[in-house]
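**Q** For reference, the structure I am asking about is given below.
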Amino acid sequence: MNCPRLVRVAMVALIPAAISLGMASVQAQTPPAASPPATPAPAATPAPAPAAPPAPAASPSAAPSTPPAAAETPATPPAFAPVQTADPFGDQITLTPKTVVIIRGNAAWDSAFDTLIDSFKSLSALLDKQGIKPAGNSMIVYTSTDDAGFTFLAEIPVEQDPKNLTKDMSIGKSPDGKALKFVHRGSYDNMDNTYEAITNHLDDKKLEAKDTFIEEYITDPLKTAEDKLVINVYVPLK
């Protein structure tokens with residue numbers, strides 16, 4: 001976009017040059033006879049006069065050299081600056097089932113996150129004791145909710161079945177099938193805003209969701225500050 005401007009600058013710089021060259025041409029064409037014939041010696045004086053204008057001509061030749069330097073200026077910043085894309089919101093995906101170790105629980109809303117963390121700690125302690133590494137991100141599957149609280153399944157994917165499960169633990173499969181994917185960033189307490197946006201999205205698209213939803217903790221909830229959490233929210237569709 002700066003090219004036309006540079007062309008104009010170059011053209012403006014050439015105008016004085018053209019004027020100077022024109023004056024030099026006129027002076028060069030002036031008959032030396034105009035000088036007094038009685039004194040031929042001064043005729044040599046007008047001869048250097050045409051040579052003097054070429055000196056200003058050096059200025060026009062220098063002027064065009066300036067725009068190329070300016071033309072390189074746009075190349076200094078990166079041609080393509082990195083663009084930060086927004087998180088997906090409402091992308092349709094297909095969940096694939098994974099083998100998971102599960103702990104069942106229920107929680108009140110005012111202590112929900114603490115209860116979920118305790119469940120993840122119990123599962124992690126079981127796996128650590130048996131030297132089993134998680135095969136994926138921790139998940140929460142909400143099975144029912146009401147005004148007082150909710151019931152849930154805390155799940156951690158594994159590639160081998162752990163032993164010595166407690167009575168509230170089991171081995172099973174994570175949810176599968178078509179679902180919509182949303183992303184939440186920030187604390188668990190602020191997820192109300194995300195779920196409100198999800199509800200509005202479903203209403204706008206006239207989509208019917210199943211009576212459950214899944215949270216996949218992309219950041220480790222046991223090691224990440226709560227306000228730094230990144231959570232994928234999956235809404236299975238009917």
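All residue names refer to the structure tokens as shown: chains lettered A, B, ... in order, residues numbered from 1 in each chain, ligands numbered from 1 in order.
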Listing only residues of region 156-198 of chain A within 7 Å of region 217-233 of chain A, what is the closest atom pair and its distance in Å (to one decimal) for each, using only C-alpha atoms, sorted by chain and residue number ascending, as JSON lines?
**A**
```
{"residue": "A:Lys181", "atom": "CA", "partner": "A:Val233", "partner_atom": "CA", "distance": 5.8}
{"residue": "A:Phe182", "atom": "CA", "partner": "A:Val233", "partner_atom": "CA", "distance": 5.0}
{"residue": "A:Val183", "atom": "CA", "partner": "A:Asn232", "partner_atom": "CA", "distance": 4.6}
{"residue": "A:His184", "atom": "CA", "partner": "A:Ile231", "partner_atom": "CA", "distance": 5.1}
{"residue": "A:Arg185", "atom": "CA", "partner": "A:Val230", "partner_atom": "CA", "distance": 4.7}
{"residue": "A:Gly186", "atom": "CA", "partner": "A:Asp227", "partner_atom": "CA", "distance": 4.4}
{"residue": "A:Ser187", "atom": "CA", "partner": "A:Asp227", "partner_atom": "CA", "distance": 4.2}
{"residue": "A:Tyr188", "atom": "CA", "partner": "A:Glu226", "partner_atom": "CA", "distance": 6.9}
```
**Q** Could you save those same residues with N, CA and C atoms as a PDB file, in the first residue's frame?
**A**
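Final file, result18.pdb:
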```pdb
ATOM      1  N   LYS A 181     -18.221 -29.856  21.198  1.00  0.00           N
ATOM      2  CA  LYS A 181     -17.064 -29.523  22.025  1.00  0.00           C
ATOM      3  C   LYS A 181     -17.026 -28.028  22.309  1.00  0.00           C
ATOM      4  N   PHE A 182     -16.841 -27.694  23.588  1.00  0.00           N
ATOM      5  CA  PHE A 182     -16.690 -26.316  24.027  1.00  0.00           C
ATOM      6  C   PHE A 182     -15.437 -26.238  24.906  1.00  0.00           C
ATOM      7  N   VAL A 183     -14.895 -25.059  25.073  1.00  0.00           N
ATOM      8  CA  VAL A 183     -13.677 -24.892  25.876  1.00  0.00           C
ATOM      9  C   VAL A 183     -13.918 -23.840  26.952  1.00  0.00           C
ATOM     10  N   HIS A 184     -13.517 -24.204  28.178  1.00  0.00           N
ATOM     11  CA  HIS A 184     -13.596 -23.257  29.300  1.00  0.00           C
ATOM     12  C   HIS A 184     -12.191 -22.981  29.799  1.00  0.00           C
ATOM     13  N   ARG A 185     -11.891 -21.721  30.046  1.00  0.00           N
ATOM     14  CA  ARG A 185     -10.616 -21.317  30.633  1.00  0.00           C
ATOM     15  C   ARG A 185     -10.881 -20.505  31.889  1.00  0.00           C
ATOM     16  N   GLY A 186     -10.254 -20.909  32.979  1.00  0.00           N
ATOM     17  CA  GLY A 186     -10.444 -20.185  34.241  1.00  0.00           C
ATOM     18  C   GLY A 186     -10.911 -21.114  35.339  1.00  0.00           C
ATOM     19  N   SER A 187     -11.406 -20.531  36.383  1.00  0.00           N
ATOM     20  CA  SER A 187     -11.765 -21.301  37.574  1.00  0.00           C
ATOM     21  C   SER A 187     -13.050 -22.108  37.367  1.00  0.00           C
ATOM     22  N   TYR A 188     -13.193 -23.132  38.190  1.00  0.00           N
ATOM     23  CA  TYR A 188     -14.394 -23.963  38.146  1.00  0.00           C
ATOM     24  C   TYR A 188     -15.622 -23.141  38.520  1.00  0.00           C
TER      25      TYR A 188
END
```
**Q** Show which residues sit within 9 Å of region 161-164 of chain A, as a tab-separated table (two decimals) with all heavy atoms, in the first residue's frame. Count only C-alpha atoms, and ignore same-chain residues fewer than 4 positions away.
**A**
```tsv
chain	number	residue	atom	x	y	z
A	99	THR	N	-10.76	-47.12	27.97
A	99	THR	CA	-10.81	-47.85	29.24
A	99	THR	C	-10.42	-46.90	30.36
A	99	THR	O	-9.38	-46.22	30.28
A	99	THR	CB	-9.85	-49.05	29.22
A	99	THR	OG1	-10.25	-49.94	28.16
A	99	THR	CG2	-9.89	-49.81	30.54
A	100	VAL	N	-11.25	-46.82	31.38
A	100	VAL	CA	-11.02	-45.86	32.46
A	100	VAL	C	-11.24	-46.54	33.81
A	100	VAL	O	-12.01	-47.50	33.95
A	100	VAL	CB	-11.97	-44.65	32.35
A	100	VAL	CG1	-11.63	-43.80	31.12
A	100	VAL	CG2	-13.43	-45.08	32.29
A	101	VAL	N	-10.52	-46.03	34.81
A	101	VAL	CA	-10.81	-46.39	36.19
A	101	VAL	C	-11.73	-45.30	36.74
A	101	VAL	O	-11.51	-44.11	36.51
A	101	VAL	CB	-9.51	-46.54	37.03
A	101	VAL	CG1	-8.70	-45.26	37.01
A	101	VAL	CG2	-9.85	-46.93	38.47
A	126	LEU	N	-4.25	-44.53	43.88
A	126	LEU	CA	-4.37	-45.95	43.52
A	126	LEU	C	-3.42	-46.30	42.37
A	126	LEU	O	-2.69	-47.31	42.43
A	126	LEU	CB	-5.81	-46.27	43.13
A	126	LEU	CG	-6.06	-47.69	42.61
A	126	LEU	CD1	-6.00	-48.70	43.76
A	126	LEU	CD2	-7.41	-47.78	41.90
A	127	LEU	N	-3.42	-45.47	41.33
A	127	LEU	CA	-2.56	-45.74	40.18
A	127	LEU	C	-1.08	-45.61	40.53
A	127	LEU	O	-0.26	-46.43	40.10
A	127	LEU	CB	-2.93	-44.79	39.03
A	127	LEU	CG	-4.36	-44.91	38.47
A	127	LEU	CD1	-4.59	-43.90	37.34
A	127	LEU	CD2	-4.66	-46.32	38.00
A	130	GLN	N	0.37	-48.59	42.29
A	130	GLN	CA	0.57	-49.78	41.46
A	130	GLN	C	1.45	-49.49	40.24
A	130	GLN	O	1.62	-50.35	39.37
A	130	GLN	CB	-0.79	-50.33	41.01
A	130	GLN	CG	-1.67	-50.74	42.18
A	130	GLN	CD	-3.02	-51.30	41.75
A	130	GLN	OE1	-3.13	-51.95	40.71
A	130	GLN	NE2	-4.05	-51.06	42.54
A	132	ILE	N	1.00	-47.47	37.73
A	132	ILE	CA	0.24	-47.34	36.48
A	132	ILE	C	0.13	-45.86	36.11
A	132	ILE	O	-0.33	-45.05	36.91
A	132	ILE	CB	-1.17	-47.95	36.62
A	132	ILE	CG1	-1.07	-49.44	36.99
A	132	ILE	CG2	-1.96	-47.76	35.34
A	132	ILE	CD1	-2.41	-50.09	37.27
A	171	ILE	N	-13.89	-50.44	36.86
A	171	ILE	CA	-13.28	-50.28	35.55
A	171	ILE	C	-14.40	-50.23	34.52
A	171	ILE	O	-15.35	-51.02	34.58
A	171	ILE	CB	-12.32	-51.44	35.21
A	171	ILE	CG1	-11.22	-51.53	36.26
A	171	ILE	CG2	-11.73	-51.26	33.82
A	171	ILE	CD1	-10.29	-50.35	36.28
```
**Q** Find the distance between CA of Lys98 (chain A) and CA of Pro157 (chain A) and write it in Å to one decimal.
**A** 6.3 Å
**Q** Choose the residue, out of A:Pro97, A:Pro236, A:Gly136, A:Pro88, that has the smallest atom-to-atom separation from Ile156 (chain A); count only C-alpha atoms.
**A**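 Looking at the shortest contact to Ile156 (chain A), the residue is A:Gly136.
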**Q** Compare A:Val158, A:Lys178, A:Gly149, A:Ile214 by their minimum atom-to-atom distance to Phe113 (chain A), counting only C-alpha atoms, and give me the closest one.
**A**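 Between A:Val158, A:Lys178, A:Gly149, A:Ile214, the residue approaching Phe113 (chain A) most closely is A:Gly149.
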**Q** My list of candidates is A:Ser122, A:Glu159, A:Met191, A:Glu196. Which is closest to Ala135 (chain A) when distances are computed with only C-alpha atoms?
**A**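 Under the stated criterion, the closest residue is A:Glu159.
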**Q** Fewer than 3 positions away in the same chain doesn't count, so skip those; otherwise give me all residues within 6 Å of region 202-213 of chain A, counting only C-alpha atoms, as JSON, numbers by chain.
**A** {"A": [142, 143, 199, 234, 235, 236, 237, 238]}
**Q** What does the structure give for the distance between CA of Asn137 (chain A) and CA of Glu216 (chain A), in Å to one decimal?
**A**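 CA of Glu216 (chain A) lies 6.4 Å from CA of Asn137 (chain A).
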**Q** Would you give me, as a list of chain:residue names, the residues in region 73-172 of chain A that DSSP reads as alpha helix (DSSP H)?
**A**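 The residues of region 73-172 of chain A classed as alpha helix (DSSP H) are A:Ala112, A:Phe113, A:Asp114, A:Thr115, A:Leu116, A:Ile117, A:Asp118, A:Ser119, A:Phe120, A:Lys121, A:Ser122, A:Leu123, A:Ser124, A:Ala125, A:Leu126, A:Leu127, A:Asp128, A:Lys129.
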**Q** For Ile102 (chain A), which of A:Asn193, A:Thr151, A:Ser138, A:Ser170 is the closest residue, counting only C-alpha atoms?
**A** A:Ser170
